[in-house]
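J.: Provided herewith: start30.cif, mmCIF, C-alpha atoms and all ligand atoms.
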data_input
#
loop_
_atom_site.label_atom_id
_atom_site.label_comp_id
_atom_site.auth_asym_id
_atom_site.auth_seq_id
_atom_site.Cartn_x
_atom_site.Cartn_y
_atom_site.Cartn_z
CA MET K 1 21.11 8.69 -42.62
CA LYS K 2 21.03 7.55 -39.01
CA THR K 3 22.44 4.17 -38.28
CA GLU K 4 21.27 2.14 -35.30
CA LYS K 5 24.59 2.91 -33.63
CA ASN K 6 23.99 6.64 -34.03
CA ILE K 7 20.53 6.39 -32.56
CA VAL K 8 21.89 4.54 -29.54
CA LEU K 9 24.60 7.18 -29.15
CA ASP K 10 21.95 9.92 -29.30
CA TYR K 11 20.03 8.21 -26.53
CA LEU K 12 23.14 7.85 -24.42
CA ARG K 13 23.98 11.52 -24.90
CA ALA K 14 20.47 12.63 -23.98
CA TYR K 15 20.57 10.39 -20.91
CA ALA K 16 23.97 11.77 -19.83
CA ILE K 17 22.65 15.34 -20.17
CA ILE K 18 19.59 14.51 -18.05
CA LEU K 19 21.81 12.96 -15.40
CA LEU K 20 24.11 16.00 -15.39
CA MET K 21 21.15 18.37 -15.20
CA THR K 22 19.64 16.45 -12.30
CA CYS K 23 22.92 16.73 -10.37
CA HIS K 24 23.26 20.42 -11.21
CA LEU K 25 19.71 21.14 -10.15
CA ALA K 26 20.16 19.29 -6.90
CA ASN K 27 23.44 21.11 -6.22
CA ALA K 28 22.14 24.48 -7.35
CA GLN K 29 19.33 24.25 -4.81
CA GLY K 30 21.94 23.70 -2.16
CA HIS K 31 20.99 20.14 -1.28
CA GLY K 32 23.53 18.31 0.78
CA TYR K 33 24.37 14.62 0.49
CA GLU K 34 21.72 13.54 3.02
CA GLU K 35 18.97 15.52 1.33
CA ARG K 36 19.91 14.17 -2.09
CA LYS K 37 19.95 10.65 -0.70
CA GLN K 38 16.44 11.21 0.67
CA MET K 39 15.28 12.62 -2.67
CA MET K 40 16.62 9.56 -4.45
CA GLN K 41 14.96 7.26 -1.91
CA ALA K 42 11.65 9.10 -2.40
CA MET K 43 12.00 8.69 -6.17
CA ARG K 44 12.68 4.97 -5.79
CA MET K 45 9.69 4.68 -3.47
CA SER K 46 7.40 6.37 -5.98
CA VAL K 47 8.56 3.98 -8.68
CA ARG K 48 7.53 1.11 -6.43
CA GLN K 49 4.13 2.60 -5.60
CA ASN K 50 1.36 0.15 -6.41
CA VAL K 51 -1.70 1.81 -4.94
CA ILE K 52 -2.73 5.49 -4.64
CA PRO K 53 -2.11 6.73 -1.06
CA VAL K 54 -4.98 8.16 1.02
CA THR K 55 -5.70 11.76 0.02
CA ASN K 56 -8.97 12.42 1.88
CA ALA K 57 -8.51 14.15 5.25
CA THR K 58 -11.86 12.98 6.67
CA TYR K 59 -11.08 9.38 5.73
CA GLN K 60 -7.59 9.68 7.20
CA GLU K 61 -9.05 10.97 10.47
CA GLU K 62 -12.10 8.68 10.81
CA CYS K 63 -10.54 5.50 9.46
CA GLY K 64 -6.98 5.94 10.66
CA SER K 65 -7.47 5.99 14.42
CA CYS K 66 -7.64 2.25 15.28
CA HIS K 67 -5.41 1.06 12.42
CA PHE K 68 -3.65 2.94 9.63
CA ALA K 69 -6.04 4.26 6.97
CA TYR K 70 -6.18 1.55 4.29
CA PRO K 71 -5.81 2.91 0.75
CA PRO K 72 -9.22 2.41 -0.97
CA GLY K 73 -7.49 0.87 -4.02
CA LEU K 74 -6.93 -2.32 -2.00
CA LEU K 75 -10.59 -3.42 -2.00
CA PRO K 76 -13.27 -3.59 -4.71
CA ILE K 77 -16.35 -1.31 -4.78
CA ALA K 78 -18.74 -3.97 -3.44
CA SER K 79 -16.56 -4.55 -0.35
CA TRP K 80 -16.33 -0.85 0.49
CA GLN K 81 -20.07 -0.33 0.10
CA LYS K 82 -20.83 -3.23 2.38
CA MET K 83 -18.29 -2.10 4.96
CA ILE K 84 -19.24 1.61 5.01
CA ASN K 85 -22.92 0.69 5.37
CA ASN K 86 -22.22 -1.56 8.31
CA LEU K 87 -19.84 0.45 10.50
CA ALA K 88 -21.84 -0.16 13.68
CA ASP K 89 -20.60 -3.74 13.53
CA HIS K 90 -17.03 -3.33 12.32
CA PHE K 91 -14.96 -6.37 13.32
CA GLY K 92 -16.43 -6.29 16.80
CA GLU K 93 -16.01 -2.49 17.11
CA ASN K 94 -18.49 0.31 16.70
CA ALA K 95 -17.07 2.67 14.06
CA GLU K 96 -20.40 4.36 13.25
CA LEU K 97 -20.38 7.84 11.71
CA ASP K 98 -23.02 10.52 11.16
CA ASP K 99 -24.95 10.30 7.88
CA MET K 100 -23.13 13.21 6.21
CA THR K 101 -19.65 11.83 6.95
CA GLN K 102 -20.69 8.32 5.97
CA ARG K 103 -21.97 9.54 2.60
CA LYS K 104 -18.77 11.52 1.97
CA LEU K 105 -16.57 8.56 2.85
CA ASN K 106 -18.69 6.21 0.77
CA GLU K 107 -18.14 8.46 -2.25
CA TYR K 108 -14.39 8.66 -1.60
CA VAL K 109 -13.77 4.94 -1.19
CA VAL K 110 -16.01 3.93 -4.09
CA ASN K 111 -14.41 6.46 -6.47
CA ASN K 112 -10.97 5.20 -5.50
CA ALA K 113 -11.70 1.48 -5.20
CA ALA K 114 -9.55 -1.21 -6.85
CA GLU K 115 -11.69 -1.08 -10.04
CA PHE K 116 -10.46 2.52 -10.61
CA SER K 117 -6.84 1.99 -9.57
CA PRO K 118 -4.29 2.64 -12.33
CA TYR K 119 -1.86 0.05 -10.92
CA PRO K 120 -1.50 -3.61 -11.98
CA LEU K 121 -1.76 -4.74 -8.34
CA ALA K 122 -5.50 -3.90 -8.46
CA ASN K 123 -6.06 -6.26 -11.38
CA ARG K 124 -4.23 -9.01 -9.53
CA LEU K 125 -6.43 -8.47 -6.47
CA ILE K 126 -9.67 -8.44 -8.46
CA ASN K 127 -8.74 -11.37 -10.72
CA SER K 128 -7.85 -13.51 -7.72
CA LEU K 129 -11.38 -12.97 -6.38
CA ASN K 130 -12.74 -14.79 -9.41
CA HIS K 131 -15.89 -12.59 -9.57
CA LYS K 132 -17.38 -14.50 -6.67
CA LEU K 133 -16.20 -13.18 -3.36
CA ILE K 134 -16.99 -9.85 -1.73
CA PRO K 135 -14.12 -9.78 0.76
CA MET K 136 -14.60 -7.88 4.02
CA ARG K 137 -10.87 -7.89 4.54
CA ILE K 138 -7.92 -7.09 2.31
CA THR K 139 -6.12 -9.98 4.00
CA GLU K 140 -8.90 -12.32 2.78
CA ILE K 141 -8.20 -11.57 -0.88
CA PRO K 142 -6.57 -14.73 -2.30
CA TYR K 143 -3.72 -12.77 -3.93
CA ILE K 144 -2.83 -11.12 -0.59
CA ALA K 145 -3.28 -14.32 1.40
CA HIS K 146 -1.05 -16.15 -1.06
CA LYS K 147 1.71 -13.50 -0.79
CA HIS K 148 1.90 -14.00 2.97
CA TRP K 149 1.14 -17.68 3.54
CA LYS K 150 4.77 -18.51 4.23
CA LEU K 151 5.11 -16.01 7.10
CA PRO K 152 5.27 -18.00 10.34
CA PHE K 153 3.06 -17.22 13.36
CA LYS K 154 6.03 -15.95 15.36
CA MET K 155 6.57 -13.11 12.86
CA VAL K 156 2.92 -12.04 12.66
CA GLU K 157 0.34 -13.02 15.31
CA ASP K 158 2.91 -13.76 18.03
CA ASN K 159 4.99 -10.71 17.16
CA PRO K 160 3.95 -7.99 19.65
CA GLN K 161 4.77 -5.24 17.14
CA VAL K 162 2.64 -6.74 14.39
CA LYS K 163 -0.28 -8.67 16.02
CA SER K 164 -1.99 -9.54 12.75
CA LEU K 165 -1.55 -9.34 8.99
CA SER K 166 -4.07 -6.48 9.03
CA TYR K 167 -1.40 -4.05 10.23
CA CYS K 168 0.28 -3.77 6.85
CA ASN K 169 2.24 -0.65 7.83
CA GLN K 170 4.15 -2.52 10.55
CA CYS K 171 6.05 -4.42 7.85
CA HIS K 172 5.52 -2.45 4.63
CA GLN K 173 7.58 0.66 5.33
CA GLY K 174 5.91 2.62 2.54
CA ALA K 175 2.30 1.51 3.26
CA GLU K 176 1.06 5.08 3.86
CA LYS K 177 2.73 6.15 0.62
CA GLY K 178 1.06 3.36 -1.33
CA VAL K 179 4.20 1.21 -1.58
CA TYR K 180 3.65 -2.54 -1.09
CA HIS K 181 6.73 -3.84 -2.80
CA ARG K 182 8.53 -6.86 -1.36
CA HIS K 183 11.82 -4.90 -1.34
CA ASP K 184 10.38 -2.35 1.08
CA VAL K 185 9.41 -4.85 3.77
CA LEU K 186 10.98 -4.84 7.23
CA ILE K 187 9.40 -7.19 9.77
CA PRO K 188 9.72 -5.80 13.34
CA ASN K 189 12.08 -7.97 15.44
CA TYR K 190 13.22 -9.71 12.23
CA GLU K 191 14.81 -6.71 10.51
CA THR K 192 17.78 -8.64 9.20
CA LEU K 193 15.62 -11.10 7.34
CA HIS K 194 15.70 -10.83 3.55
CA HIS K 195 12.47 -11.49 1.66
CA CYS K 196 14.26 -14.22 -0.30
CA ASP K 197 14.70 -16.14 2.98
CA LEU K 198 10.96 -16.41 3.49
C1 LIG L 1 -12.98 1.75 16.69
C2 LIG L 1 -11.84 1.27 15.95
C3 LIG L 1 -11.96 1.24 14.43
C4 LIG L 1 -12.29 2.28 13.59
C5 LIG L 1 -12.69 3.70 13.94
C6 LIG L 1 -12.18 1.74 12.23
N1 LIG L 1 -11.77 0.44 12.27
FE1 LIG L 1 -11.38 -0.73 10.66
N2 LIG L 1 -10.90 -2.28 11.88
C7 LIG L 1 -10.95 -2.25 13.28
C8 LIG L 1 -10.57 -3.56 13.79
C9 LIG L 1 -10.49 -3.95 15.25
C10 LIG L 1 -10.28 -4.37 12.66
C11 LIG L 1 -9.82 -5.82 12.66
C12 LIG L 1 -8.31 -5.86 12.82
C13 LIG L 1 -7.75 -7.24 13.08
O1 LIG L 1 -8.37 -8.24 12.72
O2 LIG L 1 -6.65 -7.31 13.66
C14 LIG L 1 -10.51 -3.53 11.49
C15 LIG L 1 -10.32 -3.96 10.19
C16 LIG L 1 -10.52 -3.19 9.05
C17 LIG L 1 -10.30 -3.65 7.70
C18 LIG L 1 -9.83 -5.02 7.28
C19 LIG L 1 -8.31 -5.16 7.39
C20 LIG L 1 -7.84 -6.53 6.92
O3 LIG L 1 -7.69 -7.42 7.78
O4 LIG L 1 -7.66 -6.72 5.72
C21 LIG L 1 -10.63 -2.61 6.86
C22 LIG L 1 -10.55 -2.61 5.35
C23 LIG L 1 -11.06 -1.51 7.70
N3 LIG L 1 -10.96 -1.88 9.02
C24 LIG L 1 -11.49 -0.30 7.23
C25 LIG L 1 -11.94 0.74 8.04
C26 LIG L 1 -12.54 1.95 7.53
C27 LIG L 1 -12.78 2.26 6.08
C28 LIG L 1 -12.83 2.74 8.62
C29 LIG L 1 -13.48 4.10 8.63
C30 LIG L 1 -14.83 4.19 8.14
C31 LIG L 1 -12.41 1.99 9.82
N4 LIG L 1 -11.89 0.79 9.41
C32 LIG L 1 -12.50 2.47 11.10
C33 LIG L 1 -11.25 -1.16 14.05
C34 LIG L 1 -11.62 0.08 13.58
C1 LIG L 2 4.36 -9.46 9.08
C2 LIG L 2 4.71 -8.53 8.06
C3 LIG L 2 3.70 -8.19 6.98
C4 LIG L 2 2.44 -7.66 7.14
C5 LIG L 2 1.73 -7.31 8.42
C6 LIG L 2 1.91 -7.50 5.80
N1 LIG L 2 2.83 -7.91 4.87
FE1 LIG L 2 2.63 -7.81 2.85
N2 LIG L 2 4.39 -8.80 2.62
C7 LIG L 2 5.25 -9.15 3.65
C8 LIG L 2 6.39 -9.86 3.09
C9 LIG L 2 7.57 -10.43 3.87
C10 LIG L 2 6.18 -9.91 1.69
C11 LIG L 2 7.10 -10.53 0.63
C12 LIG L 2 6.69 -11.93 0.35
C13 LIG L 2 7.57 -12.57 -0.72
O1 LIG L 2 8.39 -11.88 -1.35
O2 LIG L 2 7.41 -13.76 -0.93
C14 LIG L 2 4.92 -9.23 1.43
C15 LIG L 2 4.37 -9.08 0.18
C16 LIG L 2 3.25 -8.29 -0.11
C17 LIG L 2 2.77 -7.98 -1.44
C18 LIG L 2 3.42 -8.42 -2.74
C19 LIG L 2 4.56 -7.48 -3.05
C20 LIG L 2 5.42 -7.89 -4.20
O3 LIG L 2 6.40 -7.16 -4.48
O4 LIG L 2 5.18 -8.95 -4.80
C21 LIG L 2 1.67 -7.17 -1.29
C22 LIG L 2 0.85 -6.55 -2.41
C23 LIG L 2 1.44 -7.02 0.12
N3 LIG L 2 2.43 -7.72 0.82
C24 LIG L 2 0.42 -6.30 0.68
C25 LIG L 2 0.11 -6.28 2.04
C26 LIG L 2 -1.07 -5.65 2.60
C27 LIG L 2 -2.11 -4.90 1.80
C28 LIG L 2 -1.02 -5.87 3.96
C29 LIG L 2 -2.03 -5.49 5.00
C30 LIG L 2 -3.41 -5.80 4.73
C31 LIG L 2 0.22 -6.61 4.23
N4 LIG L 2 0.86 -6.86 3.05
C32 LIG L 2 0.65 -6.98 5.50
C33 LIG L 2 5.08 -8.87 4.98
C34 LIG L 2 3.93 -8.35 5.56
#
Let me see the file written as structure tokens.
Ligand code: HEC
Ligand code: HEC
T.:
Amino acid sequence: MKTEKNIVLDYLRAYAIILLMTCHLANAQGHGYEERKQMMQAMRMSVRQNVIPVTNATYQEECGSCHFAYPPGLLPIASWQKMINNLADHFGENAELDDMTQRKLNEYVVNNAAEFSPYPLANRLINSLNHKLIPMRITEIPYIAHKHWKLPFKMVEDNPQVKSLSYCNQCHQGAEKGVYHRHDVLIPNYETLHHCDL
């Protein structure tokens, strides 16, 4: 009969074997220290992922020229529909597209909107909206606003490398990979700052 101690030992053994195999595999493929470090970093990044990164090439191209292409999982369906149907007046810019492209992008963003995101961050975004608001900005979502309210002007608006909270990727190093974890933040010109100091 297996005692609890035996079960724990079994787990430890299995874990040790996995660890050994991982090292062997990495070595067998001829990865040097730097490459392995990068692999480990990539693995850590994927663990921290909290929204699906952009996968649609048309979206990346059409919506990633003025700012980085926002992952659709950061806004609810209603917001995307309103935005995609009103691109001629897009925050003071004309971002209009031909009908075909607009329809394709509409389908992409709606199918990947926060409501369909597998990550808990999406629930936090939607719940903070309280079923009332249809935000036109991610930065308007109460959960997002709340996460950043302590950041002083000098680090955001008055920081020439940031300009506004809308440029998520300036601070969130993994923004394009769908990583918005507080441990992966580096504010330009304030690189030494730890998130606990904010
Ligand atoms: C011609 C330039 C331009 C193009 C093309 C463009 N945008 Fe924008 N977008 C802007 C500007 C300017 C802002 C406002 C940024 C600010 O306030 O600093 C903005 C803001 C946004 C925001 C709100 C960000 C926030 O503050 O939370 C979203 C979402 C967005 N755009 C999505 C899109 C999508 C989707 C497309 C493609 C269909 C697109 N944009 C194409 C210029 C553009
Ligand atoms: C000026 C730099 C800066 C910009 C720009 C910025 N953030 Fe952040 N963000 C931070 C910092 C710093 C924190 C950590 C706050 C804390 O720990 O209290 C944070 C926290 C977050 C969190 C919570 C993460 C966690 O682990 O709890 C999310 C989600 C987030 N940001 C999303 C965004 C999105 C989406 C955008 C763009 C629309 C954005 N941020 C723009 C600096 C920034």
J.: Kindly give the distance, in Å, that separates atom CA of K:Ser117 and atom CA of K:Lys163, rounded to a single decimal.
T.: 28.5 Å
J.: Mind listing the residues within 7 Å of ligand LIG 1 (chain L), all atoms listed in the file counted, as a list in words?
T.: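 The residues near ligand LIG 1 (chain L) are Tyr59, Glu62, Cys63, Gly64, Ser65, Cys66, His67, Ala69, Tyr70, Ile84, Leu87, His90, Phe91, Gly92, Glu93, Asn94, Ala95, Met136, Arg137, Ile138, Thr139, Glu140, Lys163, Ser164, Leu165 and Ser166 of chain K.
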J.: Ligand LIG 2 (chain L): which residues are within 6 Å, counting all atoms listed in the file, as an mmCIF file with C-alpha atoms, keeping the file's coordinate frame?
T.:
data_model
loop_
_atom_site.group_PDB
_atom_site.id
_atom_site.type_symbol
_atom_site.label_atom_id
_atom_site.label_comp_id
_atom_site.auth_asym_id
_atom_site.auth_seq_id
_atom_site.Cartn_x
_atom_site.Cartn_y
_atom_site.Cartn_z
ATOM 1 C CA ILE K 138 -7.920 -7.090 2.310
ATOM 2 C CA THR K 139 -6.120 -9.980 4.000
ATOM 3 C CA ILE K 144 -2.830 -11.120 -0.590
ATOM 4 C CA LYS K 147 1.710 -13.500 -0.790
ATOM 5 C CA HIS K 148 1.900 -14.000 2.970
ATOM 6 C CA MET K 155 6.570 -13.110 12.860
ATOM 7 C CA VAL K 156 2.920 -12.040 12.660
ATOM 8 C CA LEU K 165 -1.550 -9.340 8.990
ATOM 9 C CA SER K 166 -4.070 -6.480 9.030
ATOM 10 C CA TYR K 167 -1.400 -4.050 10.230
ATOM 11 C CA CYS K 168 0.280 -3.770 6.850
ATOM 12 C CA GLN K 170 4.150 -2.520 10.550
ATOM 13 C CA CYS K 171 6.050 -4.420 7.850
ATOM 14 C CA TYR K 180 3.650 -2.540 -1.090
ATOM 15 C CA HIS K 181 6.730 -3.840 -2.800
ATOM 16 C CA ARG K 182 8.530 -6.860 -1.360
ATOM 17 C CA VAL K 185 9.410 -4.850 3.770
ATOM 18 C CA ILE K 187 9.400 -7.190 9.770
ATOM 19 C CA HIS K 195 12.470 -11.490 1.660
#
J.: Using only C-alpha atoms, which residue out of K:Thr101, K:Gln60, K:Asn169, K:Asn112 lies closest to K:Asp184?
T.: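 Nearest to K:Asp184: K:Asn169.
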J.: List the spatial neighbours of stretch 44-57 of chain K as a PDB file with C-alpha atoms, in the coordinates of the input - criterion: any atom at most 8 Å away, all atoms listed in the file, same-chain residues fewer than 2 positions off excluded.
T.:
ATOM      1  CA  MET K  40      16.620   9.560  -4.450  1.00  0.00           C
ATOM      2  CA  GLN K  41      14.960   7.260  -1.910  1.00  0.00           C
ATOM      3  CA  ALA K  42      11.650   9.100  -2.400  1.00  0.00           C
ATOM      4  CA  TYR K  59     -11.080   9.380   5.730  1.00  0.00           C
ATOM      5  CA  GLN K  60      -7.590   9.680   7.200  1.00  0.00           C
ATOM      6  CA  GLU K  61      -9.050  10.970  10.470  1.00  0.00           C
ATOM      7  CA  ALA K  69      -6.040   4.260   6.970  1.00  0.00           C
ATOM      8  CA  TYR K  70      -6.180   1.550   4.290  1.00  0.00           C
ATOM      9  CA  PRO K  71      -5.810   2.910   0.750  1.00  0.00           C
ATOM     10  CA  PRO K  72      -9.220   2.410  -0.970  1.00  0.00           C
ATOM     11  CA  GLY K  73      -7.490   0.870  -4.020  1.00  0.00           C
ATOM     12  CA  LEU K  74      -6.930  -2.320  -2.000  1.00  0.00           C
ATOM     13  CA  TYR K 108     -14.390   8.660  -1.600  1.00  0.00           C
ATOM     14  CA  SER K 117      -6.840   1.990  -9.570  1.00  0.00           C
ATOM     15  CA  PRO K 118      -4.290   2.640 -12.330  1.00  0.00           C
ATOM     16  CA  TYR K 119      -1.860   0.050 -10.920  1.00  0.00           C
ATOM     17  CA  PRO K 120      -1.500  -3.610 -11.980  1.00  0.00           C
ATOM     18  CA  LEU K 121      -1.760  -4.740  -8.340  1.00  0.00           C
ATOM     19  CA  ALA K 122      -5.500  -3.900  -8.460  1.00  0.00           C
ATOM     20  CA  GLY K 174       5.910   2.620   2.540  1.00  0.00           C
ATOM     21  CA  GLU K 176       1.060   5.080   3.860  1.00  0.00           C
ATOM     22  CA  LYS K 177       2.730   6.150   0.620  1.00  0.00           C
ATOM     23  CA  GLY K 178       1.060   3.360  -1.330  1.00  0.00           C
ATOM     24  CA  VAL K 179       4.200   1.210  -1.580  1.00  0.00           C
ATOM     25  CA  TYR K 180       3.650  -2.540  -1.090  1.00  0.00           C
ATOM     26  CA  HIS K 181       6.730  -3.840  -2.800  1.00  0.00           C
TER      27      HIS K 181
END
J.: Work out how far apart atom CA of K:Ile141 and atom CA of K:Ile126 are and give it in Å to one decimal.
T.: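 Pair atom CA of K:Ile141 / atom CA of K:Ile126 returns 8.3 Å.
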J.: Record the distance separating atom CA of K:Asp197 and atom CA of K:Pro152, expressed in Å with one decimal.
T.: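 Going from atom CA of K:Asp197 over to atom CA of K:Pro152 covers 12.1 Å.
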J.: Considering all atoms listed in the file, can you say which of K:Pro76, K:Leu105, K:Glu96, K:Arg36 comes closest to K:Asn123?
T.: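 When distances to K:Asn123 are compared using all atoms listed in the file, the smallest one comes from K:Pro76.
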J.: For a quick check of understanding, using all atoms listed in the file, which of K:Ala88, K:Ile134, K:Ile77, K:Met100 has the smallest distance to K:Phe116?
T.: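 Between K:Ala88, K:Ile134, K:Ile77, K:Met100, the residue approaching K:Phe116 most closely is K:Ile77.
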J.: Measuring atom to atom with only C-alpha atoms, identify which of K:Ala175, K:Leu129, K:Leu193, K:Ala113 is nearest to K:Leu151.
T.: K:Leu193
J.: Can you work out which one of K:Ala114, K:Trp149, K:Asp158, K:Asn106 has the shortest atom-to-atom distance to K:Asn86, counting all atoms listed in the file?
T.: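 Counting all atoms listed in the file, the residue closest to K:Asn86 is K:Asn106.
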J.: Can you save stretch 138-149 of chain K of the given block to a file, including N, CA and C atoms and formatted as a compact mmCIF listing (two decimals), in the first residue's frame?
T.:
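Ended up saving to part_21.txt:
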# COMPACT_ATOMS: atom_id res chain seq x y z
N ILE K 138 -8.95 51.05 -24.06
CA ILE K 138 -8.57 50.05 -23.07
C ILE K 138 -8.23 50.78 -21.77
N THR K 139 -7.58 51.94 -21.95
CA THR K 139 -7.14 52.73 -20.79
C THR K 139 -8.30 53.32 -19.99
N GLU K 140 -9.51 53.26 -20.57
CA GLU K 140 -10.71 53.78 -19.90
C GLU K 140 -11.33 52.71 -18.99
N ILE K 141 -10.98 51.45 -19.23
CA ILE K 141 -11.57 50.37 -18.45
C ILE K 141 -11.15 50.54 -16.99
N PRO K 142 -12.12 50.58 -16.06
CA PRO K 142 -11.77 50.86 -14.66
C PRO K 142 -10.63 49.99 -14.12
N TYR K 143 -10.61 48.71 -14.46
CA TYR K 143 -9.54 47.84 -13.95
C TYR K 143 -8.16 48.34 -14.41
N ILE K 144 -8.07 48.73 -15.68
CA ILE K 144 -6.79 49.22 -16.24
C ILE K 144 -6.44 50.58 -15.63
N ALA K 145 -7.44 51.45 -15.56
CA ALA K 145 -7.20 52.78 -14.98
C ALA K 145 -6.69 52.63 -13.55
N HIS K 146 -7.33 51.74 -12.81
CA HIS K 146 -6.97 51.54 -11.41
C HIS K 146 -5.53 51.03 -11.26
N LYS K 147 -5.11 50.13 -12.18
CA LYS K 147 -3.76 49.57 -12.12
C LYS K 147 -2.68 50.62 -12.35
N HIS K 148 -3.03 51.73 -12.97
CA HIS K 148 -2.03 52.72 -13.35
C HIS K 148 -2.18 54.08 -12.66
N TRP K 149 -3.17 54.21 -11.78
CA TRP K 149 -3.48 55.55 -11.26
C TRP K 149 -2.33 56.17 -10.48
